[in-house]
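Pasted below: final08.pdb, PDB, C-alpha atoms, pLDDT in the B column.
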ATOM      1  CA  ASP A   2       0.000   0.000   0.000  1.00 54.00           C
ATOM      2  CA  THR A   3       1.518   3.326  -1.013  1.00 75.00           C
ATOM      3  CA  GLY A   4      -0.968   5.636   0.716  1.00 91.00           C
ATOM      4  CA  VAL A   5      -0.306   8.168   3.453  1.00 94.00           C
ATOM      5  CA  SER A   6       0.594   6.524   6.755  1.00 95.00           C
ATOM      6  CA  GLN A   7       0.585   7.951  10.261  1.00 96.00           C
ATOM      7  CA  ASP A   8       2.072   6.689  13.480  1.00 96.00           C
ATOM      8  CA  PRO A   9       0.880   6.129  16.122  1.00 96.00           C
ATOM      9  CA  ARG A  10      -2.814   5.665  15.434  1.00 95.00           C
ATOM     10  CA  HIS A  11      -3.714   6.377  19.033  1.00 96.00           C
ATOM     11  CA  LYS A  12      -1.880   8.242  21.793  1.00 97.00           C
ATOM     12  CA  ILE A  13      -2.990   8.743  25.377  1.00 98.00           C
ATOM     13  CA  THR A  14      -0.906  11.107  27.452  1.00 97.00           C
ATOM     14  CA  LYS A  15      -1.094  13.086  30.658  1.00 97.00           C
ATOM     15  CA  ARG A  16      -1.423  16.835  30.664  1.00 97.00           C
ATOM     16  CA  GLY A  17       1.955  18.528  30.506  1.00 97.00           C
ATOM     17  CA  GLN A  18       3.704  15.753  28.610  1.00 98.00           C
ATOM     18  CA  ASN A  19       5.223  16.138  25.149  1.00 98.00           C
ATOM     19  CA  VAL A  20       4.035  14.030  22.230  1.00 98.00           C
ATOM     20  CA  THR A  21       5.314  13.539  18.691  1.00 98.00           C
ATOM     21  CA  PHE A  22       3.443  12.183  15.688  1.00 97.00           C
ATOM     22  CA  ARG A  23       4.861  11.005  12.394  1.00 98.00           C
ATOM     23  CA  CYS A  24       3.453  11.163   8.881  1.00 98.00           C
ATOM     24  CA  ASP A  25       4.820   9.384   5.818  1.00 97.00           C
ATOM     25  CA  PRO A  26       3.356  10.860   2.633  1.00 95.00           C
ATOM     26  CA  ILE A  27       2.868   9.223  -0.731  1.00 93.00           C
ATOM     27  CA  SER A  28       6.410   8.880  -2.016  1.00 89.00           C
ATOM     28  CA  GLU A  29       6.406  11.275  -4.971  1.00 85.00           C
ATOM     29  CA  HIS A  30       4.293  13.950  -3.296  1.00 90.00           C
ATOM     30  CA  ASN A  31       6.045  17.254  -2.639  1.00 90.00           C
ATOM     31  CA  ARG A  32       3.387  18.828  -0.436  1.00 92.00           C
ATOM     32  CA  LEU A  33       2.447  17.710   3.052  1.00 95.00           C
ATOM     33  CA  TYR A  34      -0.349  19.132   5.209  1.00 95.00           C
ATOM     34  CA  TRP A  35      -1.364  18.787   8.851  1.00 97.00           C
ATOM     35  CA  TYR A  36      -4.973  19.253   9.956  1.00 97.00           C
ATOM     36  CA  ARG A  37      -6.738  18.876  13.291  1.00 96.00           C
ATOM     37  CA  GLN A  38     -10.230  17.428  13.672  1.00 94.00           C
ATOM     38  CA  THR A  39     -12.192  17.645  16.900  1.00 94.00           C
ATOM     39  CA  LEU A  40     -15.197  15.446  17.589  1.00 89.00           C
ATOM     40  CA  GLY A  41     -18.141  16.238  15.377  1.00 86.00           C
ATOM     41  CA  GLN A  42     -16.311  18.914  13.413  1.00 90.00           C
ATOM     42  CA  GLY A  43     -14.592  19.149  10.066  1.00 93.00           C
ATOM     43  CA  PRO A  44     -10.803  19.176   9.835  1.00 95.00           C
ATOM     44  CA  GLU A  45      -9.015  22.509  10.320  1.00 95.00           C
ATOM     45  CA  PHE A  46      -5.758  23.420   8.611  1.00 94.00           C
ATOM     46  CA  LEU A  47      -2.670  23.672  10.809  1.00 95.00           C
ATOM     47  CA  THR A  48       0.370  23.926   8.534  1.00 95.00           C
ATOM     48  CA  TYR A  49       1.883  22.745   5.254  1.00 93.00           C
ATOM     49  CA  PHE A  50       5.229  22.010   3.679  1.00 94.00           C
ATOM     50  CA  GLN A  51       6.422  22.154   0.128  1.00 91.00           C
ATOM     51  CA  ASN A  52       9.380  19.802   0.081  1.00 91.00           C
ATOM     52  CA  GLU A  53      11.267  20.628   3.293  1.00 92.00           C
ATOM     53  CA  ALA A  54      10.074  24.235   3.587  1.00 92.00           C
ATOM     54  CA  GLN A  55       7.238  25.051   5.981  1.00 91.00           C
ATOM     55  CA  LEU A  56       5.355  27.708   4.004  1.00 90.00           C
ATOM     56  CA  GLU A  57       2.304  28.533   6.094  1.00 89.00           C
ATOM     57  CA  LYS A  58       1.064  28.110   9.631  1.00 90.00           C
ATOM     58  CA  SER A  59      -2.458  28.630  10.921  1.00 90.00           C
ATOM     59  CA  ARG A  60      -3.147  30.772  13.959  1.00 88.00           C
ATOM     60  CA  LEU A  61      -4.372  27.513  15.499  1.00 84.00           C
ATOM     61  CA  LEU A  62      -0.744  26.410  15.682  1.00 86.00           C
ATOM     62  CA  SER A  63       0.334  27.815  19.034  1.00 89.00           C
ATOM     63  CA  ASP A  64       3.933  28.105  20.214  1.00 93.00           C
ATOM     64  CA  ARG A  65       3.625  24.673  21.809  1.00 96.00           C
ATOM     65  CA  PHE A  66       3.274  23.082  18.373  1.00 96.00           C
ATOM     66  CA  SER A  67       6.166  22.508  16.020  1.00 95.00           C
ATOM     67  CA  ALA A  68       6.344  20.641  12.744  1.00 96.00           C
ATOM     68  CA  GLU A  69       9.281  19.533  10.665  1.00 96.00           C
ATOM     69  CA  ARG A  70       9.857  17.815   7.367  1.00 96.00           C
ATOM     70  CA  PRO A  71      13.568  17.093   7.106  1.00 91.00           C
ATOM     71  CA  LYS A  72      14.755  16.157   3.619  1.00 86.00           C
ATOM     72  CA  GLY A  73      11.260  16.714   2.264  1.00 85.00           C
ATOM     73  CA  SER A  74      10.097  13.197   3.061  1.00 90.00           C
ATOM     74  CA  PHE A  75       8.316  12.247   6.292  1.00 96.00           C
ATOM     75  CA  SER A  76       7.069  14.892   8.719  1.00 97.00           C
ATOM     76  CA  THR A  77       6.753  15.103  12.481  1.00 97.00           C
ATOM     77  CA  LEU A  78       4.346  17.158  14.545  1.00 97.00           C
ATOM     78  CA  GLU A  79       5.334  17.762  18.159  1.00 97.00           C
ATOM     79  CA  ILE A  80       3.119  19.159  20.869  1.00 97.00           C
ATOM     80  CA  GLN A  81       4.867  20.357  24.011  1.00 97.00           C
ATOM     81  CA  ARG A  82       3.222  20.647  27.419  1.00 97.00           C
ATOM     82  CA  THR A  83      -0.014  19.091  26.204  1.00 97.00           C
ATOM     83  CA  GLU A  84      -3.340  20.471  27.409  1.00 96.00           C
ATOM     84  CA  GLN A  85      -6.731  18.799  27.505  1.00 96.00           C
ATOM     85  CA  GLY A  86      -7.838  21.065  24.676  1.00 95.00           C
ATOM     86  CA  ASP A  87      -5.256  19.412  22.427  1.00 96.00           C
ATOM     87  CA  SER A  88      -7.324  16.223  22.416  1.00 97.00           C
ATOM     88  CA  ALA A  89      -8.288  15.686  18.784  1.00 96.00           C
ATOM     89  CA  MET A  90      -7.590  13.650  15.658  1.00 96.00           C
ATOM     90  CA  TYR A  91      -4.461  14.894  13.877  1.00 97.00           C
ATOM     91  CA  LEU A  92      -4.643  14.282  10.147  1.00 97.00           C
ATOM     92  CA  CYS A  93      -1.862  14.338   7.613  1.00 97.00           C
ATOM     93  CA  ALA A  94      -2.399  14.747   3.884  1.00 96.00           C
ATOM     94  CA  SER A  95      -0.082  14.877   0.899  1.00 94.00           C
ATOM     95  CA  SER A  96      -0.351  16.085  -2.683  1.00 91.00           C
ATOM     96  CA  LEU A  97       1.703  16.528  -5.808  1.00 86.00           C
ATOM     97  CA  ARG A  98       2.048  20.147  -6.726  1.00 75.00           C
ATOM     98  CA  ALA A  99       2.685  19.989 -10.466  1.00 67.00           C
ATOM     99  CA  GLY A 100       1.283  23.326 -11.540  1.00 62.00           C
ATOM    100  CA  GLY A 101      -1.870  23.933 -13.542  1.00 55.00           C
ATOM    101  CA  ASP A 102      -4.829  22.033 -12.125  1.00 54.00           C
ATOM    102  CA  THR A 103      -5.653  21.933  -8.452  1.00 59.00           C
ATOM    103  CA  ASP A 104      -3.705  19.269  -6.660  1.00 75.00           C
ATOM    104  CA  THR A 105      -5.747  16.681  -4.789  1.00 86.00           C
ATOM    105  CA  GLN A 106      -4.896  15.975  -1.174  1.00 91.00           C
ATOM    106  CA  TYR A 107      -4.794  12.365   0.018  1.00 92.00           C
ATOM    107  CA  PHE A 108      -5.307  11.788   3.718  1.00 94.00           C
ATOM    108  CA  GLY A 109      -3.812   9.347   6.174  1.00 95.00           C
ATOM    109  CA  PRO A 110      -5.836   7.504   8.839  1.00 93.00           C
ATOM    110  CA  GLY A 111      -5.005  10.065  11.514  1.00 95.00           C
ATOM    111  CA  THR A 112      -3.540   9.971  15.017  1.00 97.00           C
ATOM    112  CA  ARG A 113      -6.098  10.248  17.782  1.00 96.00           C
ATOM    113  CA  LEU A 114      -4.661  12.109  20.782  1.00 98.00           C
ATOM    114  CA  THR A 115      -6.289  11.950  24.205  1.00 97.00           C
ATOM    115  CA  VAL A 116      -4.883  14.196  26.921  1.00 97.00           C
ATOM    116  CA  LEU A 117      -5.918  13.172  30.426  1.00 96.00           C
TER     117      LEU A 117
ATOM    118  CA  GLY B   4     -12.462  34.609   4.486  1.00 84.00           C
ATOM    119  CA  ASN B   5     -13.428  31.216   3.155  1.00 90.00           C
ATOM    120  CA  SER B   6     -16.135  29.068   4.717  1.00 94.00           C
ATOM    121  CA  VAL B   7     -18.245  26.016   3.952  1.00 96.00           C
ATOM    122  CA  THR B   8     -21.698  25.311   5.347  1.00 96.00           C
ATOM    123  CA  GLN B   9     -23.358  21.945   5.015  1.00 95.00           C
ATOM    124  CA  MET B  10     -26.602  20.565   6.351  1.00 89.00           C
ATOM    125  CA  GLU B  11     -26.479  19.131   9.808  1.00 86.00           C
ATOM    126  CA  GLY B  12     -27.083  15.464  10.323  1.00 86.00           C
ATOM    127  CA  PRO B  13     -27.662  12.824  10.950  1.00 94.00           C
ATOM    128  CA  VAL B  14     -29.504  12.060   7.745  1.00 96.00           C
ATOM    129  CA  THR B  15     -31.312   8.741   8.051  1.00 97.00           C
ATOM    130  CA  LEU B  16     -32.563   7.031   4.902  1.00 97.00           C
ATOM    131  CA  SER B  17     -33.851   3.658   3.887  1.00 97.00           C
ATOM    132  CA  GLU B  18     -31.894   1.653   1.342  1.00 97.00           C
ATOM    133  CA  GLU B  19     -32.532   2.732  -2.276  1.00 96.00           C
ATOM    134  CA  ALA B  20     -33.763   6.180  -1.227  1.00 97.00           C
ATOM    135  CA  PHE B  21     -32.591   9.373  -2.961  1.00 97.00           C
ATOM    136  CA  LEU B  22     -29.899  11.351  -1.176  1.00 97.00           C
ATOM    137  CA  THR B  23     -29.190  15.069  -1.161  1.00 97.00           C
ATOM    138  CA  ILE B  24     -26.676  16.695   1.176  1.00 97.00           C
ATOM    139  CA  ASN B  25     -26.595  20.453   0.785  1.00 97.00           C
ATOM    140  CA  CYS B  26     -23.346  22.412   0.719  1.00 98.00           C
ATOM    141  CA  THR B  27     -22.853  26.143   0.205  1.00 97.00           C
ATOM    142  CA  TYR B  28     -19.636  28.087   0.312  1.00 96.00           C
ATOM    143  CA  THR B  29     -18.130  31.539   0.667  1.00 95.00           C
ATOM    144  CA  ALA B  30     -14.803  32.195  -0.979  1.00 91.00           C
ATOM    145  CA  THR B  31     -12.694  35.275  -1.626  1.00 83.00           C
ATOM    146  CA  GLY B  32     -11.260  33.785  -4.802  1.00 81.00           C
ATOM    147  CA  TYR B  33     -12.300  31.146  -7.322  1.00 85.00           C
ATOM    148  CA  PRO B  34     -12.323  27.859  -5.437  1.00 91.00           C
ATOM    149  CA  SER B  35     -12.157  24.224  -6.371  1.00 92.00           C
ATOM    150  CA  LEU B  36     -14.777  22.150  -4.580  1.00 95.00           C
ATOM    151  CA  PHE B  37     -14.567  18.687  -3.080  1.00 95.00           C
ATOM    152  CA  TRP B  38     -16.570  16.040  -1.295  1.00 97.00           C
ATOM    153  CA  TYR B  39     -14.681  13.759   1.068  1.00 97.00           C
ATOM    154  CA  VAL B  40     -16.138  10.722   2.842  1.00 97.00           C
ATOM    155  CA  GLN B  41     -15.068   9.233   6.158  1.00 94.00           C
ATOM    156  CA  TYR B  42     -16.172   5.665   6.815  1.00 92.00           C
ATOM    157  CA  PRO B  43     -16.232   4.433  10.424  1.00 86.00           C
ATOM    158  CA  GLY B  44     -12.698   3.929  11.721  1.00 81.00           C
ATOM    159  CA  GLU B  45     -11.072   5.116   8.499  1.00 85.00           C
ATOM    160  CA  GLY B  46      -9.422   8.257   7.164  1.00 87.00           C
ATOM    161  CA  LEU B  47     -10.854  10.817   4.782  1.00 93.00           C
ATOM    162  CA  GLN B  48     -11.225   9.663   1.200  1.00 93.00           C
ATOM    163  CA  LEU B  49     -11.777  11.911  -1.774  1.00 94.00           C
ATOM    164  CA  LEU B  50     -15.207  11.139  -3.237  1.00 97.00           C
ATOM    165  CA  LEU B  51     -15.383  13.673  -6.072  1.00 96.00           C
ATOM    166  CA  LYS B  52     -14.272  17.137  -7.091  1.00 94.00           C
ATOM    167  CA  ALA B  53     -15.038  19.984  -9.497  1.00 94.00           C
ATOM    168  CA  THR B  54     -12.646  22.743 -10.420  1.00 90.00           C
ATOM    169  CA  LYS B  55     -14.756  25.235 -12.376  1.00 91.00           C
ATOM    170  CA  ALA B  56     -18.305  26.486 -12.668  1.00 93.00           C
ATOM    171  CA  ASP B  57     -20.856  24.041 -14.119  1.00 95.00           C
ATOM    172  CA  ASP B  58     -18.434  21.109 -13.814  1.00 95.00           C
ATOM    173  CA  LYS B  59     -20.022  17.931 -12.493  1.00 97.00           C
ATOM    174  CA  GLY B  60     -17.969  15.627 -10.317  1.00 96.00           C
ATOM    175  CA  SER B  61     -19.079  12.024 -10.066  1.00 97.00           C
ATOM    176  CA  ASN B  62     -17.924   8.783  -8.473  1.00 97.00           C
ATOM    177  CA  LYS B  63     -19.551   5.582  -7.166  1.00 95.00           C
ATOM    178  CA  GLY B  64     -23.012   6.856  -8.149  1.00 97.00           C
ATOM    179  CA  PHE B  65     -22.561  10.160  -6.306  1.00 98.00           C
ATOM    180  CA  GLU B  66     -22.722  13.463  -8.197  1.00 98.00           C
ATOM    181  CA  ALA B  67     -22.267  17.141  -7.410  1.00 98.00           C
ATOM    182  CA  THR B  68     -22.405  20.160  -9.725  1.00 98.00           C
ATOM    183  CA  TYR B  69     -20.397  23.333  -9.146  1.00 97.00           C
ATOM    184  CA  ARG B  70     -22.978  26.138  -9.130  1.00 96.00           C
ATOM    185  CA  LYS B  71     -21.242  29.479  -9.045  1.00 94.00           C
ATOM    186  CA  GLU B  72     -24.456  31.522  -9.196  1.00 94.00           C
ATOM    187  CA  THR B  73     -25.783  29.903  -6.017  1.00 96.00           C
ATOM    188  CA  THR B  74     -22.345  29.173  -4.485  1.00 96.00           C
ATOM    189  CA  SER B  75     -23.401  25.587  -3.948  1.00 97.00           C
ATOM    190  CA  PHE B  76     -22.053  22.060  -4.442  1.00 98.00           C
ATOM    191  CA  HIS B  77     -24.834  19.729  -3.326  1.00 98.00           C
ATOM    192  CA  LEU B  78     -24.108  16.002  -3.151  1.00 98.00           C
ATOM    193  CA  GLU B  79     -26.676  13.613  -4.658  1.00 98.00           C
ATOM    194  CA  LYS B  80     -27.120   9.900  -5.149  1.00 98.00           C
ATOM    195  CA  GLY B  81     -30.092   8.256  -6.744  1.00 96.00           C
ATOM    196  CA  SER B  82     -30.199   5.084  -4.673  1.00 96.00           C
ATOM    197  CA  VAL B  83     -28.235   4.769  -1.440  1.00 97.00           C
ATOM    198  CA  GLN B  84     -26.934   1.521   0.011  1.00 97.00           C
ATOM    199  CA  VAL B  85     -26.208   0.504   3.595  1.00 96.00           C
ATOM    200  CA  SER B  86     -22.513   0.643   2.704  1.00 95.00           C
ATOM    201  CA  ASP B  87     -22.839   4.390   2.027  1.00 97.00           C
ATOM    202  CA  SER B  88     -23.287   5.022   5.760  1.00 96.00           C
ATOM    203  CA  ALA B  89     -20.479   7.430   6.647  1.00 96.00           C
ATOM    204  CA  VAL B  90     -19.712  11.078   7.364  1.00 96.00           C
ATOM    205  CA  TYR B  91     -19.535  13.326   4.310  1.00 97.00           C
ATOM    206  CA  PHE B  92     -17.485  16.522   4.233  1.00 97.00           C
ATOM    207  CA  CYS B  93     -17.758  19.333   1.708  1.00 98.00           C
ATOM    208  CA  ALA B  94     -14.555  21.325   1.242  1.00 96.00           C
ATOM    209  CA  LEU B  95     -13.041  24.062  -0.872  1.00 94.00           C
ATOM    210  CA  SER B  96      -9.561  24.967  -1.974  1.00 91.00           C
ATOM    211  CA  ASP B  97      -8.960  28.606  -2.871  1.00 83.00           C
ATOM    212  CA  ARG B  98      -6.627  28.852  -5.845  1.00 73.00           C
ATOM    213  CA  ASN B  99      -5.730  32.412  -4.878  1.00 70.00           C
ATOM    214  CA  ASN B 100      -3.919  30.858  -1.960  1.00 72.00           C
ATOM    215  CA  ALA B 101      -0.649  29.286  -3.036  1.00 73.00           C
ATOM    216  CA  GLY B 102      -0.953  26.604  -0.393  1.00 78.00           C
ATOM    217  CA  ASN B 103      -4.238  25.169  -1.652  1.00 82.00           C
ATOM    218  CA  MET B 104      -5.178  24.263   1.885  1.00 89.00           C
ATOM    219  CA  LEU B 105      -8.671  22.882   2.336  1.00 93.00           C
ATOM    220  CA  THR B 106     -11.511  24.565   4.223  1.00 94.00           C
ATOM    221  CA  PHE B 107     -14.049  21.991   5.396  1.00 96.00           C
ATOM    222  CA  GLY B 108     -17.672  22.069   6.409  1.00 96.00           C
ATOM    223  CA  GLY B 109     -18.728  20.478   9.665  1.00 95.00           C
ATOM    224  CA  GLY B 110     -19.660  17.142   8.119  1.00 96.00           C
ATOM    225  CA  THR B 111     -22.982  15.349   7.636  1.00 97.00           C
ATOM    226  CA  ARG B 112     -23.493  11.859   9.009  1.00 96.00           C
ATOM    227  CA  LEU B 113     -25.505   9.582   6.734  1.00 97.00           C
ATOM    228  CA  MET B 114     -27.152   6.477   8.138  1.00 96.00           C
ATOM    229  CA  VAL B 115     -28.750   4.071   5.678  1.00 97.00           C
ATOM    230  CA  LYS B 116     -31.056   1.401   7.075  1.00 96.00           C
ATOM    231  CA  PRO B 117     -31.824  -1.861   5.270  1.00 94.00           C
TER     232      PRO B 117
END
Structure translated into structure tokens:
Amino acid sequence: DTGVSQDPRHKITKRGQNVTFRCDPISEHNRLYWYRQTLGQGPEFLTYFQNEAQLEKSRLLSDRFSAERPKGSFSTLEIQRTEQGDSAMYLCASSLRAGGDTDTQYFGPGTRLTVL
Amino acid sequence: GNSVTQMEGPVTLSEEAFLTINCTYTATGYPSLFWYVQYPGEGLQLLLKATKADDKGSNKGFEATYRKETTSFHLEKGSVQVSDSAVYFCALSDRNNAGNMLTFGGGTRLMVKP
């Protein structure tokens, strides 16, 4: 299967702890996106990368959040000093930006974070 | 800014019934429009898309037409099946924004009973 993969699928942590999630995009895709989805809501954009460059961050991405995409391949999203409000599904998507037509984003299964 | 509004669920239908899920949007630019589906326990899957006015996206018996005059992209299916039970998300991508990030509606849960 060459789809987008995310690890772990589930993470339970205590308030104040740091957590890190990983996303592996479809191999030839140059764009990688992170979204957050809370229960009963649609996903909300957090940040995106084109290759290794992080080009835009949402105001939802507080200082406690940091994302990286070294070498333009996989990406990590770290949350420091987790709060109960961080509990959500964190979704990763990738696309091939080839110019012209709108690129389609393909989503991974998500990482569900529960902060106790 | 950009926003997407879709009808609240749940929508409960009997098998073989006709489905309509309404979606309207507000966009500062000229968006592309999408429907994504999320089956229980799975990630978001692209169902269909349309990139310009009057385009019709279709897949697996589902259709949606990009209506610029009414800023709408309603999802329809002529005869639903139990396997169509899922949450459906309408979304837009504003091509004025270089990032093409998606703005989603709140989702509509569809439940199809045999």
Output check: residues returned by the ChimeraX specification (/A :<6) & /B, as a PyMOL selection string: chain B and resi 45-47+107-110
Reference answer for the PyMOL selection byres ((chain B and resi 112-117) around 6), as number ranges by chain: B: 12-18, 85, 88-90, 111
Target residues per the PyMOL selection byres ((chain B and resi 33-44) around 8), formatted as a PyMOL selection string: (chain A and resi 103) or (chain B and resi 30-32+45-55+69+76+78+88-99)
Atomic separation - atom CA of Phe66 of chain A relative to atom CA of Glu29 of chain A, Å: 26.3 Å
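Coordinates place atom CA of Gly81 of chain B at a distance of 7.5 Å from atom CA of Glu19 of chain B.
Here the question is which of A:Leu61, A:Met90, A:Ile80, A:Leu97 gets nearest to Arg16 of chain A using only C-alpha atoms, and that residue is A:Ile80.
For the residues A:Ser95, A:Ser6, A:Ser63, A:Thr77, ranking by smallest atom-to-atom distance to Thr21 of chain A using only C-alpha atoms places A:Thr77 first.
The neighbours of Glu66 of chain B here are the residues that come within 6 Å of it, using all atoms listed in the file and leaving out any residue fewer than 5 positions away in the same chain; they are Gly60, Ser61, Leu78 and Glu79 of chain B.
Taking atom CA of Gln85 of chain A and atom CA of Gly17 of chain A as endpoints, the distance between them is 9.2 Å.
If you measure from each of A:Leu117, A:Lys72, A:Gly4, A:Asn19 to Gly86 of chain A using all atoms listed in the file, the closest one turns out to be A:Leu117.
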Residue neighbourhood Ser6 of chain B, 7 Å, only C-alpha atoms, exclusion window fewer than 6 positions, as an MDAnalysis selection string: chainID B and resid 28:30 106
With 3 Å on each side, where is the centre of the axis-aligned box around all listed atoms of segment 95-114 of chain B, and how long are its edges in Å to one decimal, as AutoDock Vina command-line options?
--center_x -13.9 --center_y 19.4 --center_z 1.9 --size_x 32.5 --size_y 31.9 --size_z 21.5
Within 6 Å of segment 7-13 of chain A using only C-alpha atoms, minus same-chain residues under 4 positions, as an MDAnalysis selection string: chainID A and resid 23:24 112:116
Prev. selection, C-alpha atoms, output as a PDB file, in the coordinates of the input:
ATOM      1  CA  ARG A  23       4.861  11.005  12.394  1.00 98.00           C
ATOM      2  CA  CYS A  24       3.453  11.163   8.881  1.00 98.00           C
ATOM      3  CA  THR A 112      -3.540   9.971  15.017  1.00 97.00           C
ATOM      4  CA  ARG A 113      -6.098  10.248  17.782  1.00 96.00           C
ATOM      5  CA  LEU A 114      -4.661  12.109  20.782  1.00 98.00           C
ATOM      6  CA  THR A 115      -6.289  11.950  24.205  1.00 97.00           C
ATOM      7  CA  VAL A 116      -4.883  14.196  26.921  1.00 97.00           C
TER       8      VAL A 116
END
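Using all atoms listed in the file, the nearest neighbour of Phe21 of chain B within the list B:Asn62, B:Ser82, B:Gln9, B:Thr74 is B:Ser82.
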Atoms added to segment 2-17 of chain A (N, CA, C and O atoms), reported as a compact mmCIF listing (two decimals), in the frame of the given file:
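Contents of the output file out_6.txt:
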# COMPACT_ATOMS: atom_id res chain seq x y z
N ASP A 2 0.85 -1.20 0.00
CA ASP A 2 0.00 0.00 0.00
C ASP A 2 0.88 1.25 0.00
O ASP A 2 1.75 1.39 0.82
N THR A 3 0.66 2.15 -0.92
CA THR A 3 1.52 3.33 -1.01
C THR A 3 0.78 4.57 -0.59
O THR A 3 1.12 5.68 -1.00
N GLY A 4 -0.24 4.49 0.25
CA GLY A 4 -0.97 5.64 0.72
C GLY A 4 -0.22 6.37 1.80
O GLY A 4 0.91 6.03 2.17
N VAL A 5 -0.87 7.40 2.35
CA VAL A 5 -0.31 8.17 3.45
C VAL A 5 -0.44 7.35 4.74
O VAL A 5 -1.51 6.81 5.02
N SER A 6 0.65 7.26 5.49
CA SER A 6 0.59 6.52 6.76
C SER A 6 0.93 7.45 7.91
O SER A 6 1.70 8.42 7.75
N GLN A 7 0.36 7.16 9.06
CA GLN A 7 0.58 7.95 10.26
C GLN A 7 0.85 7.03 11.43
O GLN A 7 0.27 5.94 11.53
N ASP A 8 1.71 7.49 12.32
CA ASP A 8 2.07 6.69 13.48
C ASP A 8 2.29 7.61 14.69
O ASP A 8 2.95 8.65 14.53
N PRO A 9 1.77 7.26 15.87
CA PRO A 9 0.88 6.13 16.12
C PRO A 9 -0.54 6.42 15.68
O PRO A 9 -0.85 7.53 15.30
N ARG A 10 -1.41 5.44 15.75
CA ARG A 10 -2.81 5.66 15.43
C ARG A 10 -3.55 6.24 16.63
O ARG A 10 -4.52 6.99 16.48
N HIS A 11 -3.10 5.87 17.81
CA HIS A 11 -3.71 6.38 19.03
C HIS A 11 -2.61 6.73 20.02
O HIS A 11 -1.60 6.05 20.09
N LYS A 12 -2.84 7.83 20.77
CA LYS A 12 -1.88 8.24 21.79
C LYS A 12 -2.66 8.81 22.97
O LYS A 12 -3.48 9.71 22.81
N ILE A 13 -2.41 8.23 24.13
CA ILE A 13 -2.99 8.74 25.38
C ILE A 13 -1.85 9.28 26.22
O ILE A 13 -0.84 8.58 26.41
N THR A 14 -1.97 10.50 26.69
CA THR A 14 -0.91 11.11 27.45
C THR A 14 -1.50 11.92 28.59
O THR A 14 -2.70 12.22 28.62
N LYS A 15 -0.66 12.26 29.53
CA LYS A 15 -1.09 13.09 30.66
C LYS A 15 -0.79 14.54 30.35
O LYS A 15 0.20 14.86 29.66
N ARG A 16 -1.61 15.41 30.85
CA ARG A 16 -1.42 16.84 30.66
C ARG A 16 -0.01 17.24 31.07
O ARG A 16 0.51 16.80 32.09
N GLY A 17 0.61 18.07 30.22
CA GLY A 17 1.96 18.53 30.51
C GLY A 17 3.06 17.74 29.82
O GLY A 17 4.20 18.20 29.76
